[in-house]
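A.B. asks: Next up, entry_12.tsv (TSV, C-alpha atoms).
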```tsv
chain	number	residue	atom	x	y	z
A	845	MET	CA	-16.80	22.47	-19.55
A	846	LYS	CA	-17.56	21.16	-16.06
A	847	GLN	CA	-16.96	24.61	-14.56
A	848	GLN	CA	-19.38	26.11	-17.09
A	849	THR	CA	-21.96	23.45	-16.28
A	850	ARG	CA	-21.67	24.18	-12.57
A	851	TRP	CA	-21.95	27.94	-13.15
A	852	LEU	CA	-25.11	27.43	-15.22
A	853	THR	CA	-26.59	25.07	-12.63
A	854	THR	CA	-26.03	27.62	-9.89
A	855	ALA	CA	-27.53	30.43	-11.98
A	856	LEU	CA	-30.62	28.40	-12.78
A	857	ALA	CA	-31.12	27.54	-9.12
A	858	VAL	CA	-31.05	31.23	-8.24
A	859	VAL	CA	-33.46	32.20	-11.00
A	860	LEU	CA	-35.93	29.36	-10.60
A	861	GLY	CA	-35.83	29.19	-6.81
A	862	LEU	CA	-35.50	26.40	-4.31
A	863	ALA	CA	-38.84	24.78	-5.22
A	864	MET	CA	-37.87	24.34	-8.84
A	865	ALA	CA	-34.41	23.05	-7.84
A	866	THR	CA	-36.05	20.46	-5.59
A	867	THR	CA	-38.43	19.41	-8.37
A	868	THR	CA	-35.54	19.00	-10.79
A	869	ARG	CA	-33.61	16.92	-8.26
A	870	ASP	CA	-36.59	14.63	-7.60
A	871	SER	CA	-37.23	14.22	-11.33
A	872	ALA	CA	-33.60	13.24	-11.92
A	873	ALA	CA	-33.81	10.68	-9.13
A	874	ALA	CA	-36.99	9.22	-10.59
A	875	ASP	CA	-35.09	8.61	-13.85
A	876	SER	CA	-32.57	6.38	-12.08
A	877	PRO	CA	-33.44	2.67	-12.32
A	878	TYR	CA	-31.28	2.05	-9.26
A	879	GLN	CA	-33.14	4.27	-6.81
A	880	ARG	CA	-34.06	2.25	-3.74
A	881	GLY	CA	-36.11	3.15	-0.69
A	882	PRO	CA	-38.36	6.06	0.30
A	883	ASP	CA	-37.45	9.72	-0.11
A	884	PRO	CA	-34.66	10.47	2.38
A	885	THR	CA	-34.94	12.99	5.22
A	886	PRO	CA	-32.34	14.39	7.62
A	887	ALA	CA	-33.66	11.98	10.25
A	888	SER	CA	-33.55	8.92	7.97
A	889	VAL	CA	-29.97	9.61	6.83
A	890	ALA	CA	-28.87	9.94	10.45
A	891	ALA	CA	-30.67	6.77	11.60
A	892	THR	CA	-28.70	3.69	12.61
A	893	ARG	CA	-30.96	1.49	10.49
A	894	GLY	CA	-32.32	2.02	7.00
A	895	PRO	CA	-35.60	0.80	5.50
A	896	PHE	CA	-34.45	-2.68	4.43
A	897	ALA	CA	-34.30	-5.90	6.43
A	898	THR	CA	-30.89	-7.55	6.16
A	899	THR	CA	-29.07	-10.79	6.70
A	900	GLN	CA	-25.43	-11.82	6.68
A	901	ALA	CA	-23.19	-14.78	5.95
A	902	THR	CA	-19.62	-15.87	6.50
A	903	VAL	CA	-17.31	-15.89	3.46
A	904	PRO	CA	-14.72	-18.71	3.37
A	905	ALA	CA	-11.03	-18.04	2.88
A	906	GLY	CA	-9.69	-18.24	-0.65
A	907	ASN	CA	-10.54	-16.39	-3.85
A	908	GLY	CA	-7.59	-14.06	-3.30
A	909	PHE	CA	-8.39	-12.91	0.25
A	910	ASN	CA	-8.74	-14.47	3.69
A	911	GLY	CA	-12.52	-14.72	3.85
A	912	GLY	CA	-14.79	-12.37	5.72
A	913	TYR	CA	-18.47	-11.50	5.94
A	914	VAL	CA	-21.21	-10.40	3.55
A	915	TYR	CA	-24.29	-8.38	4.50
A	916	TYR	CA	-27.21	-7.78	2.17
A	917	PRO	CA	-30.90	-6.80	1.99
A	918	THR	CA	-33.33	-9.73	2.07
A	919	ASP	CA	-35.71	-8.05	-0.39
A	920	THR	CA	-35.60	-9.70	-3.83
A	921	SER	CA	-38.40	-7.63	-5.39
A	922	GLN	CA	-36.42	-4.48	-6.23
A	923	GLY	CA	-33.78	-5.88	-8.52
A	924	THR	CA	-30.06	-5.98	-7.89
A	925	TRP	CA	-28.11	-3.82	-5.44
A	926	GLY	CA	-24.94	-1.80	-5.59
A	927	ALA	CA	-22.08	-3.24	-3.55
A	928	VAL	CA	-19.07	-2.03	-1.59
A	929	ALA	CA	-16.03	-3.97	-0.37
A	930	ILE	CA	-14.38	-2.91	2.91
A	931	VAL	CA	-10.86	-3.72	4.11
A	932	PRO	CA	-9.37	-2.97	7.57
A	933	GLY	CA	-6.14	-1.20	8.40
A	934	TYR	CA	-2.66	-2.52	9.09
A	935	SER	CA	-2.61	-5.38	11.66
A	936	ALA	CA	-6.39	-5.10	12.16
A	937	LEU	CA	-9.31	-7.46	11.60
A	938	PHE	CA	-12.53	-6.45	9.89
A	939	ALA	CA	-14.44	-8.52	12.47
A	940	ASN	CA	-13.00	-6.40	15.28
A	941	GLU	CA	-13.05	-2.93	13.77
A	942	GLU	CA	-15.51	-2.53	10.86
A	943	ALA	CA	-18.14	-5.26	11.32
A	944	TRP	CA	-20.50	-2.69	12.84
A	945	MET	CA	-20.76	-1.04	9.41
A	946	GLY	CA	-22.07	-4.12	7.59
A	947	PRO	CA	-25.69	-4.32	8.81
A	948	TRP	CA	-25.91	-0.52	8.96
A	949	LEU	CA	-25.01	-0.02	5.30
A	950	ALA	CA	-26.92	-3.08	4.08
A	951	SER	CA	-30.11	-1.74	5.67
A	952	PHE	CA	-29.85	1.30	3.40
A	953	GLY	CA	-29.84	-0.89	0.29
A	954	PHE	CA	-26.28	-2.06	-0.37
A	955	VAL	CA	-24.50	-5.39	-0.47
A	956	VAL	CA	-21.43	-5.13	1.77
A	957	ILE	CA	-18.49	-7.53	1.79
A	958	GLY	CA	-16.01	-7.02	4.61
A	959	ILE	CA	-12.76	-8.91	4.13
A	960	GLU	CA	-9.94	-10.22	6.25
A	961	THR	CA	-6.52	-9.86	4.66
A	962	ASN	CA	-4.21	-12.72	3.78
A	963	SER	CA	-1.74	-11.34	6.32
A	964	ARG	CA	-2.48	-8.75	8.98
A	965	THR	CA	0.77	-7.03	7.96
A	966	ASP	CA	-0.19	-6.72	4.28
A	967	GLY	CA	0.60	-3.29	2.87
A	968	ALA	CA	-1.66	-0.93	0.95
A	969	ASP	CA	-0.83	-2.49	-2.41
A	970	ALA	CA	-1.80	-5.98	-1.24
A	971	ARG	CA	-4.98	-4.62	0.33
A	972	ALA	CA	-5.94	-3.04	-2.99
A	973	THR	CA	-5.47	-6.38	-4.73
A	974	GLN	CA	-7.62	-8.16	-2.16
A	975	LEU	CA	-10.39	-5.54	-2.34
A	976	LEU	CA	-10.71	-6.08	-6.08
A	977	ALA	CA	-10.55	-9.86	-5.63
A	978	ALA	CA	-13.42	-9.60	-3.13
A	979	LEU	CA	-15.57	-7.70	-5.64
A	980	ASP	CA	-14.79	-10.29	-8.31
A	981	TYR	CA	-15.76	-13.10	-5.95
A	982	LEU	CA	-18.94	-11.30	-4.93
A	983	THR	CA	-20.13	-10.73	-8.49
A	984	ARG	CA	-18.90	-13.92	-10.18
A	985	THR	CA	-18.98	-16.92	-7.85
A	986	SER	CA	-20.54	-16.00	-4.49
A	987	PRO	CA	-23.90	-17.53	-3.49
A	988	ILE	CA	-25.47	-14.05	-3.70
A	989	ARG	CA	-23.97	-12.97	-7.01
A	990	ASN	CA	-27.45	-12.67	-8.56
A	991	ARG	CA	-28.34	-10.00	-6.02
A	992	VAL	CA	-25.43	-7.73	-6.99
A	993	ASP	CA	-25.14	-5.31	-9.91
A	994	ALA	CA	-21.61	-5.89	-11.20
A	995	ASN	CA	-21.65	-2.43	-12.80
A	996	ARG	CA	-22.24	-0.57	-9.51
A	997	LEU	CA	-19.33	-1.33	-7.22
A	998	GLY	CA	-17.32	0.65	-4.69
A	999	VAL	CA	-14.40	0.21	-2.30
A	1000	MET	CA	-13.66	1.49	1.19
A	1001	GLY	CA	-11.00	0.99	3.82
A	1002	HIS	CA	-9.36	2.41	6.93
A	1003	SER	CA	-5.77	3.60	7.33
A	1004	ALA	CA	-3.55	1.30	5.23
A	1005	GLY	CA	-6.82	-0.17	3.99
A	1006	GLY	CA	-7.85	3.35	3.02
A	1007	ALA	CA	-4.64	3.73	1.06
A	1008	GLY	CA	-5.42	0.37	-0.54
A	1009	THR	CA	-8.86	1.72	-1.42
A	1010	LEU	CA	-7.37	4.65	-3.31
A	1011	LEU	CA	-4.92	2.36	-5.12
A	1012	ALA	CA	-7.80	0.04	-6.07
A	1013	ALA	CA	-9.63	3.02	-7.57
A	1014	LEU	CA	-6.57	3.87	-9.66
A	1015	ARG	CA	-6.35	0.28	-10.90
A	1016	ARG	CA	-10.04	-0.14	-11.71
A	1017	PRO	CA	-11.49	3.08	-13.13
A	1018	THR	CA	-14.89	1.42	-13.71
A	1019	LEU	CA	-15.60	1.56	-9.97
A	1020	LYS	CA	-18.40	3.97	-9.09
A	1021	ALA	CA	-17.20	5.15	-5.66
A	1022	ALA	CA	-14.20	5.07	-3.33
A	1023	VAL	CA	-14.11	6.10	0.33
A	1024	GLY	CA	-10.85	6.44	2.22
A	1025	LEU	CA	-11.21	6.45	6.01
A	1026	ALA	CA	-8.09	8.21	7.32
A	1027	PRO	CA	-6.27	6.75	4.29
A	1028	GLY	CA	-2.53	6.64	4.19
A	1029	THR	CA	0.70	4.94	5.06
A	1030	PRO	CA	3.60	6.91	6.55
A	1031	GLY	CA	6.07	8.08	3.94
A	1032	ASN	CA	3.80	7.16	1.05
A	1033	ASN	CA	2.15	10.27	-0.33
A	1034	LEU	CA	-0.65	9.06	-2.57
A	1035	ASN	CA	-1.11	10.87	-5.85
A	1036	MET	CA	-4.67	10.60	-7.16
A	1037	SER	CA	-4.28	12.87	-10.18
A	1038	THR	CA	-5.21	10.10	-12.63
A	1039	THR	CA	-8.20	8.64	-10.82
A	1040	GLN	CA	-11.55	8.45	-12.60
A	1041	VAL	CA	-13.54	7.27	-9.57
A	1042	PRO	CA	-15.65	9.65	-7.42
A	1043	THR	CA	-13.71	9.76	-4.14
A	1044	MET	CA	-14.61	10.76	-0.60
A	1045	LEU	CA	-11.97	11.23	2.10
A	1046	LEU	CA	-12.94	11.14	5.79
A	1047	SER	CA	-10.41	12.08	8.44
A	1048	GLY	CA	-10.13	12.92	12.13
A	1049	GLN	CA	-9.32	16.40	13.41
A	1050	ASN	CA	-7.09	14.93	16.13
A	1051	ASP	CA	-5.53	12.14	14.07
A	1052	GLY	CA	-1.81	12.10	14.76
A	1053	THR	CA	-1.18	9.15	12.42
A	1054	VAL	CA	-2.85	10.33	9.21
A	1055	THR	CA	-2.80	14.04	9.92
A	1056	PRO	CA	-5.06	16.72	8.40
A	1057	SER	CA	-2.09	18.13	6.49
A	1058	TYR	CA	-1.37	14.68	5.02
A	1059	LEU	CA	-5.03	14.39	3.91
A	1060	GLN	CA	-4.86	17.88	2.42
A	1061	GLY	CA	-1.96	16.70	0.28
A	1062	ILE	CA	-3.97	13.74	-1.06
A	1063	TYR	CA	-7.07	15.85	-1.58
A	1064	ASN	CA	-5.13	18.43	-3.58
A	1065	THR	CA	-4.15	15.76	-6.14
A	1066	LEU	CA	-7.73	14.72	-6.91
A	1067	PRO	CA	-8.57	15.91	-10.45
A	1068	ALA	CA	-11.07	18.72	-10.93
A	1069	GLY	CA	-12.99	16.68	-13.49
A	1070	VAL	CA	-13.81	13.90	-10.99
A	1071	GLU	CA	-16.28	14.42	-8.17
A	1072	HIS	CA	-14.68	14.36	-4.73
A	1073	ALA	CA	-15.23	15.47	-1.16
A	1074	TRP	CA	-13.32	15.67	2.11
A	1075	ALA	CA	-14.85	15.82	5.57
A	1076	GLU	CA	-12.80	16.22	8.75
A	1077	LEU	CA	-14.63	14.95	11.83
A	1078	ALA	CA	-14.30	17.22	14.87
A	1079	GLY	CA	-12.48	15.70	17.84
A	1080	ASN	CA	-11.95	12.34	16.12
A	1081	ASP	CA	-8.67	10.45	16.21
A	1082	HIS	CA	-7.24	7.71	14.00
A	1083	LEU	CA	-9.27	4.93	15.62
A	1084	SER	CA	-12.60	6.75	15.57
A	1085	PHE	CA	-13.48	4.93	12.36
A	1086	THR	CA	-13.10	1.53	14.04
A	1087	ARG	CA	-16.18	1.97	16.24
A	1088	PRO	CA	-19.76	3.09	15.53
A	1089	ASN	CA	-19.59	6.64	14.23
A	1090	PRO	CA	-22.94	8.29	13.36
A	1091	THR	CA	-21.28	11.40	11.90
A	1092	GLU	CA	-19.25	9.25	9.51
A	1093	MET	CA	-22.33	7.32	8.38
A	1094	ARG	CA	-24.39	10.49	7.91
A	1095	LEU	CA	-21.85	11.51	5.25
A	1096	LEU	CA	-21.02	8.10	3.87
A	1097	ILE	CA	-24.57	6.94	3.09
A	1098	PRO	CA	-25.44	9.93	0.84
A	1099	TRP	CA	-22.11	9.51	-0.98
A	1100	LEU	CA	-22.75	5.84	-1.74
A	1101	LYS	CA	-26.37	6.49	-2.64
A	1102	THR	CA	-25.34	9.23	-5.05
A	1103	PHE	CA	-22.60	7.33	-6.84
A	1104	LEU	CA	-23.56	3.64	-6.54
A	1105	ASP	CA	-27.29	4.21	-7.10
A	1106	ASN	CA	-27.18	7.42	-9.17
A	1107	ASP	CA	-29.74	8.64	-6.62
A	1108	THR	CA	-29.61	12.43	-6.64
A	1109	ARG	CA	-32.19	12.65	-3.87
A	1110	TYR	CA	-29.19	12.36	-1.54
A	1111	THR	CA	-27.03	15.19	-2.88
A	1112	GLN	CA	-29.03	17.66	-0.76
A	1113	PHE	CA	-27.20	16.34	2.32
A	1114	LEU	CA	-23.74	16.99	0.85
A	1115	CYS	CA	-24.17	20.06	-1.39
A	1116	PRO	CA	-24.17	22.15	0.65
A	1117	LEU	CA	-23.45	20.16	3.80
A	1118	ALA	CA	-26.88	19.92	5.42
A	1119	ASN	CA	-25.69	19.07	8.93
A	1120	SER	CA	-22.28	20.33	10.02
A	1121	THR	CA	-22.57	18.99	13.58
A	1122	GLY	CA	-19.38	17.10	14.35
A	1123	VAL	CA	-17.65	18.25	11.15
A	1124	SER	CA	-14.71	20.64	11.55
A	1125	ARG	CA	-13.85	20.96	7.83
A	1126	TYR	CA	-15.70	20.15	4.63
A	1127	SER	CA	-14.94	20.54	0.92
A	1128	ALA	CA	-16.76	19.11	-2.10
A	1129	THR	CA	-17.02	19.57	-5.86
A	1130	CYS	CA	-20.64	20.72	-5.70
A	1131	PRO	CA	-22.95	20.01	-7.34
A	1132	LEU	CA	-22.17	16.29	-7.07
A	1133	VAL	CA	-23.28	14.86	-10.40
A	1134	PRO	CA	-23.20	11.05	-10.71
A	1135	PRO	CA	-22.09	9.74	-14.10
A	1136	ASP	CA	-24.63	8.06	-16.33
A	1137	GLY	CA	-25.32	4.57	-15.13
A	1138	PRO	CA	-25.17	1.34	-17.16
A	1139	PRO	CA	-28.29	-0.15	-18.78
A	1140	ALA	CA	-31.18	-0.76	-16.38
A	1141	PRO	CA	-30.79	-3.99	-14.38
A	1142	PRO	CA	-33.48	-6.71	-14.30
A	1143	THR	CA	-36.58	-5.82	-12.29
A	1144	SER	CA	-36.07	-8.77	-10.01
A	1145	ALA	CA	-33.38	-11.21	-9.00
A	1146	PRO	CA	-33.81	-14.86	-8.07
A	1147	PRO	CA	-33.59	-15.53	-4.34
A	1148	THR	CA	-30.39	-17.06	-3.07
A	1149	THR	CA	-29.24	-18.35	0.25
A	1150	GLY	CA	-26.38	-17.11	2.33
A	1151	ALA	CA	-23.03	-18.86	2.31
A	1152	PRO	CA	-22.91	-21.53	5.01
A	1153	THR	CA	-20.59	-21.11	7.92
A	1154	THR	CA	-17.94	-23.79	8.41
A	1155	PRO	CA	-16.70	-23.18	11.95
A	1156	PRO	CA	-13.33	-24.40	13.16
A	1157	THR	CA	-13.16	-27.42	15.44
A	1158	THR	CA	-12.34	-26.73	19.09
A	1159	THR	CA	-12.05	-28.68	22.32
A	1160	PRO	CA	-15.58	-29.80	23.31
A	1161	PRO	CA	-17.18	-28.26	26.43
A	1162	PRO	CA	-17.88	-30.33	29.55
A	1163	SER	CA	-19.72	-33.62	28.99
A	1164	GLY	CA	-23.50	-33.36	29.05
A	1165	ALA	CA	-23.77	-29.68	28.03
A	1166	PRO	CA	-25.33	-29.22	24.58
A	1167	CYS	CA	-23.23	-26.08	24.07
A	1168	THR	CA	-21.33	-23.36	25.89
A	1169	ALA	CA	-20.97	-19.62	25.32
A	1170	THR	CA	-17.88	-17.49	25.99
A	1171	TYR	CA	-17.98	-13.68	25.98
A	1172	ARG	CA	-15.17	-11.22	25.22
A	1173	THR	CA	-15.06	-7.43	24.86
A	1174	VAL	CA	-13.71	-6.54	21.40
A	1175	ASN	CA	-13.70	-2.76	21.83
A	1176	ALA	CA	-14.94	-0.18	24.34
A	1177	TRP	CA	-15.41	3.58	24.38
A	1178	SER	CA	-17.17	6.14	26.53
A	1179	GLY	CA	-20.77	5.00	26.85
A	1180	GLY	CA	-20.55	1.90	24.69
A	1181	PHE	CA	-18.76	-1.27	23.66
A	1182	GLN	CA	-18.52	-4.04	21.06
A	1183	GLY	CA	-18.82	-7.60	22.29
A	1184	GLU	CA	-18.41	-11.06	20.80
A	1185	VAL	CA	-19.80	-14.40	21.99
A	1186	THR	CA	-18.34	-17.71	20.83
A	1187	VAL	CA	-20.74	-20.67	20.85
A	1188	THR	CA	-19.19	-24.14	21.12
A	1189	ALA	CA	-21.14	-27.37	20.59
A	1190	GLY	CA	-20.84	-30.17	23.14
A	1191	THR	CA	-20.01	-33.81	22.58
A	1192	ALA	CA	-22.95	-34.12	20.19
A	1193	ALA	CA	-23.91	-32.02	17.19
A	1194	VAL	CA	-26.50	-29.27	17.76
A	1195	ASN	CA	-29.15	-28.06	15.34
A	1196	GLY	CA	-29.95	-24.59	16.61
A	1197	TRP	CA	-28.72	-22.73	19.69
A	1198	ASN	CA	-29.60	-19.77	21.88
A	1199	VAL	CA	-27.47	-17.74	24.28
A	1200	THR	CA	-28.98	-15.90	27.26
A	1201	TRP	CA	-27.57	-13.40	29.74
A	1202	ASN	CA	-28.74	-10.60	32.01
A	1203	LEU	CA	-28.05	-6.93	31.37
A	1204	ASN	CA	-26.83	-4.86	34.28
A	1205	ASN	CA	-25.71	-1.31	35.13
A	1206	GLY	CA	-28.13	0.25	32.62
A	1207	GLN	CA	-26.79	-1.71	29.64
A	1208	ARG	CA	-28.64	-1.93	26.32
A	1209	ILE	CA	-27.97	-4.02	23.22
A	1210	ASP	CA	-28.27	-1.80	20.14
A	1211	GLN	CA	-27.30	-4.08	17.25
A	1212	VAL	CA	-26.48	-7.76	16.67
A	1213	TRP	CA	-24.93	-9.57	13.71
A	1214	ASN	CA	-24.75	-13.31	13.02
A	1215	GLY	CA	-27.67	-13.78	15.42
A	1216	THR	CA	-31.27	-12.73	16.20
A	1217	LEU	CA	-31.92	-10.72	19.38
A	1218	SER	CA	-34.94	-10.87	21.68
A	1219	ALA	CA	-35.32	-9.30	25.11
A	1220	SER	CA	-37.57	-9.66	28.14
A	1221	GLY	CA	-36.87	-7.08	30.82
A	1222	SER	CA	-33.18	-7.25	31.63
A	1223	THR	CA	-32.79	-10.71	30.07
A	1224	VAL	CA	-31.56	-10.90	26.48
A	1225	THR	CA	-31.41	-13.93	24.20
A	1226	VAL	CA	-29.57	-14.28	20.92
A	1227	ARG	CA	-30.56	-17.16	18.66
A	1228	ASN	CA	-28.76	-18.55	15.65
A	1229	VAL	CA	-29.60	-17.44	12.12
A	1230	SER	CA	-30.14	-19.79	9.19
A	1231	TYR	CA	-26.50	-20.32	8.27
A	1232	ASN	CA	-24.84	-20.86	11.68
A	1233	GLY	CA	-27.29	-22.97	13.70
A	1234	SER	CA	-25.96	-26.43	12.83
A	1235	LEU	CA	-22.69	-27.24	14.59
A	1236	ALA	CA	-20.78	-30.48	14.61
A	1237	SER	CA	-19.53	-31.84	17.92
A	1238	GLY	CA	-16.96	-29.46	19.37
A	1239	ALA	CA	-17.40	-26.94	16.53
A	1240	THR	CA	-17.76	-23.20	17.11
A	1241	THR	CA	-19.43	-20.14	15.67
A	1242	SER	CA	-19.74	-16.59	16.95
A	1243	PHE	CA	-21.97	-13.54	16.93
A	1244	GLY	CA	-21.20	-9.92	17.68
A	1245	PHE	CA	-23.11	-6.99	19.07
A	1246	LEU	CA	-22.95	-3.31	19.95
A	1247	GLY	CA	-24.02	-2.27	23.43
A	1248	SER	CA	-24.55	0.89	25.42
A	1249	GLY	CA	-23.14	1.18	28.94
A	1250	THR	CA	-20.13	-0.56	30.47
A	1251	PRO	CA	-18.76	-3.76	28.87
A	1252	THR	CA	-19.20	-5.93	31.98
A	1253	ILE	CA	-21.29	-8.97	30.94
A	1254	THR	CA	-22.70	-11.67	33.23
A	1255	SER	CA	-21.53	-15.09	32.07
A	1256	PRO	CA	-23.83	-16.14	29.22
A	1257	THR	CA	-25.50	-19.56	29.11
A	1258	CYS	CA	-26.08	-21.63	25.99
A	1259	ALA	CA	-28.94	-24.01	25.24
A	1260	SER	CA	-30.02	-26.02	22.20
A	1261	PRO	CA	-33.67	-26.67	21.31
```
Output the file's structure as structure tokens, nothing else.
C.D. replies:
Amino acid sequence: MKQQTRWLTTALAVVLGLAMATTTRDSAAADSPYQRGPDPTPASVAATRGPFATTQATVPAGNGFNGGYVYYPTDTSQGTWGAVAIVPGYSALFANEEAWMGPWLASFGFVVIGIETNSRTDGADARATQLLAALDYLTRTSPIRNRVDANRLGVMGHSAGGAGTLLAALRRPTLKAAVGLAPGTPGNNLNMSTTQVPTMLLSGQNDGTVTPSYLQGIYNTLPAGVEHAWAELAGNDHLSFTRPNPTEMRLLIPWLKTFLDNDTRYTQFLCPLANSTGVSRYSATCPLVPPDGPPAPPTSAPPTTGAPTTPPTTTPPPSGAPCTATYRTVNAWSGGFQGEVTVTAGTAAVNGWNVTWNLNNGQRIDQVWNGTLSASGSTVTVRNVSYNGSLASGATTSFGFLGSGTPTITSPTCASP
């Protein structure tokens, strides 16, 4: 039946022409109560920020996983949002490898929860369990549960976390989307023949850990009656998904929009692939038709506040200083880097802090999380956000950022208003 439907859809598109096909697509999108944001364009899908302002909060450990971070749009006028949980790969931390994705995805109209695993050596099965626990926490007990549509949830992960993502989809067929980023664990060939969840696989052409042939094997087991796609990113290796990757996001955002929001305005970027730059292989079950969504959500959701941060206690900085700031390079690549700054209160509690340093060697700060950025010439300042400004004596918090240039940073200074 699905093959007949696709044949008829293709025939109608030929007969009626591109204009009529576009009209039909826009009309279908208008029928979705979950559509969020302006009509997408090739430029908007490729942008590093979407149309929505965002904020983020720290998630405490417990609830079946080891805490993490949540990112979400601040707008409360458009109803609830679809959500996706993200888990890192074997031995990795979300804060080090996937945190860059949180604000990026949230700005396109999603709630994102990135989790740390109970043990960094947890296998794929345990990561699947923790992904589902994170979604349950997000929709049932989290401070922002009223912002999330519990019927529009997805999962995503890298490497062993990607394998966990696919296992989570098998366990919970009510999920709306799954995305495996180089998913797999050596010697464990995943069979997805019983999945009911629309699934996207993203892999690297030069990945020697989760090889293209391994991904082909997983892809071949995906059932014909369930929408799926596979994109191989040209020149990418296994770790390419652990740092900002515009090609990945250009594919990922339309997938999540299509299947979490039932927003068919975005299928034009995937069926056929609108921009093949940086993509060495692509397959999809076009046309990508999202399943019927649940009943329309409320038109608005009550505002909530982010979860407060409870930083660990550390040795206080030198007497007399209100706070200190310590920088470290988390990751670096050609032309860019990810940095993290830890703020430590002095011998007295602080209520608000700001960290300042000077850029050098043509550096630029492109994105900040857990802080608010301002710049004056080569001097940049990051101030606390609402949930991490109050620190007890000797307590710490941190913020992260993405920068262009070399990762050399002049020692930052910390002050408190």
A.B. asks: So which one's closest to A:Tyr934, A:Ala905, A:Leu982, A:Ala1078, A:Leu1083? Using all atoms listed in the file, please.
C.D. replies: A:Leu1083
A.B. asks: Tell me which of A:Leu1100, A:Val914, A:Leu1014, A:Leu1246 sits closest to A:Tyr878, counting all atoms listed in the file.
C.D. replies: A:Leu1100
A.B. asks: Which value, in Å to one decimal, gives the distance between atom CA of A:Pro1098 and atom CA of A:Phe1113?
C.D. replies: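 Between these atoms lies a distance of 6.8 Å.
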A.B. asks: Please indicate the distance in Å from atom CA of A:Ala1169 to atom CA of A:Phe909, rounded to one decimal place.
C.D. replies: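 Computing it gives 28.8 Å between the two atoms.
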A.B. asks: State, in Å with one decimal place, the distance from atom CA of A:Cys1258 to atom CA of A:Trp944.
C.D. replies: 23.7 Å
A.B. asks: Compile the contact shell of A:Asn1198 as a ChimeraX atom specification: residues with an atom at most 8 Å away, counting only C-alpha atoms, same-chain residues fewer than 2 positions apart removed.
C.D. replies: /A:1196,1200,1225-1228,1258-1260
A.B. asks: Residues within 12 Å of A:Thr1121, please, as a count of residues only. Count all atoms listed in the file; anything in the same chain fewer than 6 positions from it doesn't count.
C.D. replies: 11
A.B. asks: Rank nothing, just name the residue among A:Arg991, A:Arg971, A:Arg1016, A:Arg893 nearest to A:Thr924, using only C-alpha atoms.
C.D. replies: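 Of the candidates, the smallest distance to A:Thr924 is held by A:Arg991.
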A.B. asks: Between A:Arg1208, A:His1082, A:Arg996, A:Arg1172, single out the one closest to A:Phe954, counting only C-alpha atoms.
C.D. replies: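 Selected residue with least distance to A:Phe954: A:Arg996.
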A.B. asks: For each of A:Leu976, A:Leu1104, A:Leu1034, A:Cys1115, take the minimum atom-to-atom distance to A:Ala927, counting all atoms listed in the file, then give the residue where this is smallest.
C.D. replies: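 For A:Ala927, the nearest of the candidates is A:Leu1104.
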A.B. asks: List the spatial neighbours of stretch 999-1010 of chain A as number ranges by chain - criterion: any atom at most 8 Å away, all atoms listed in the file, same-chain residues fewer than 6 positions off excluded.
C.D. replies: A: 928-934, 967-973, 975, 1019, 1021-1029, 1034, 1036, 1054, 1082, 1085
A.B. asks: Using all atoms listed in the file, can you tell me which of A:Leu1203, A:Ala897, A:Ala1239, A:Leu937 comes closest to A:Val1224?
C.D. replies: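 Smallest distance to A:Val1224 is found for A:Leu1203.
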A.B. asks: Which polymer residues, whether protein, DNA or RNA, lie within 7 Å of the coordinate (-24.9, -28.6, 24.2) when you count all atoms listed in the file? List them as a PDB file with C-alpha atoms, in the frame of the given file, using the chain letters and numbers from the file.
C.D. replies:
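The result, written out as point-v8.pdb:
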```
ATOM      1  CA  GLY A1164     -23.500 -33.360  29.050  1.00  0.00           C
ATOM      2  CA  ALA A1165     -23.770 -29.680  28.030  1.00  0.00           C
ATOM      3  CA  PRO A1166     -25.330 -29.220  24.580  1.00  0.00           C
ATOM      4  CA  CYS A1167     -23.230 -26.080  24.070  1.00  0.00           C
ATOM      5  CA  THR A1168     -21.330 -23.360  25.890  1.00  0.00           C
ATOM      6  CA  ALA A1189     -21.140 -27.370  20.590  1.00  0.00           C
ATOM      7  CA  GLY A1190     -20.840 -30.170  23.140  1.00  0.00           C
ATOM      8  CA  VAL A1194     -26.500 -29.270  17.760  1.00  0.00           C
ATOM      9  CA  ALA A1259     -28.940 -24.010  25.240  1.00  0.00           C
ATOM     10  CA  SER A1260     -30.020 -26.020  22.200  1.00  0.00           C
TER      11      SER A1260
END
```
A.B. asks: Excluding same-chain residues fewer than 2 positions from A:Asp1105, what lies within 7 Å of it counting only C-alpha atoms, as a ChimeraX atom specification?
C.D. replies: /A:878-879,926,1101-1103,1107
A.B. asks: Just C-alpha atoms for this one: save the residues we selected as a PDB file, in the coordinates of the input.
C.D. replies:
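Written file, result_26.pdb:
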```pdb
ATOM      1  CA  TYR A 878     -31.280   2.050  -9.260  1.00  0.00           C
ATOM      2  CA  GLN A 879     -33.140   4.270  -6.810  1.00  0.00           C
ATOM      3  CA  GLY A 926     -24.940  -1.800  -5.590  1.00  0.00           C
ATOM      4  CA  LYS A1101     -26.370   6.490  -2.640  1.00  0.00           C
ATOM      5  CA  THR A1102     -25.340   9.230  -5.050  1.00  0.00           C
ATOM      6  CA  PHE A1103     -22.600   7.330  -6.840  1.00  0.00           C
ATOM      7  CA  ASP A1107     -29.740   8.640  -6.620  1.00  0.00           C
TER       8      ASP A1107
END
```
A.B. asks: Which residues, protein or nucleic acid, reach to within 7 Å of (-1.2, -5.9, 9.5) in the file's coordinates when using all atoms listed in the file, and can you give that as a CSV table (one decimal) with C-alpha atoms, keeping the file's coordinate frame?
C.D. replies:
```csv
chain,number,residue,atom,x,y,z
A,933,GLY,CA,-6.1,-1.2,8.4
A,934,TYR,CA,-2.7,-2.5,9.1
A,935,SER,CA,-2.6,-5.4,11.7
A,936,ALA,CA,-6.4,-5.1,12.2
A,963,SER,CA,-1.7,-11.3,6.3
A,964,ARG,CA,-2.5,-8.8,9.0
A,965,THR,CA,0.8,-7.0,8.0
A,966,ASP,CA,-0.2,-6.7,4.3
```
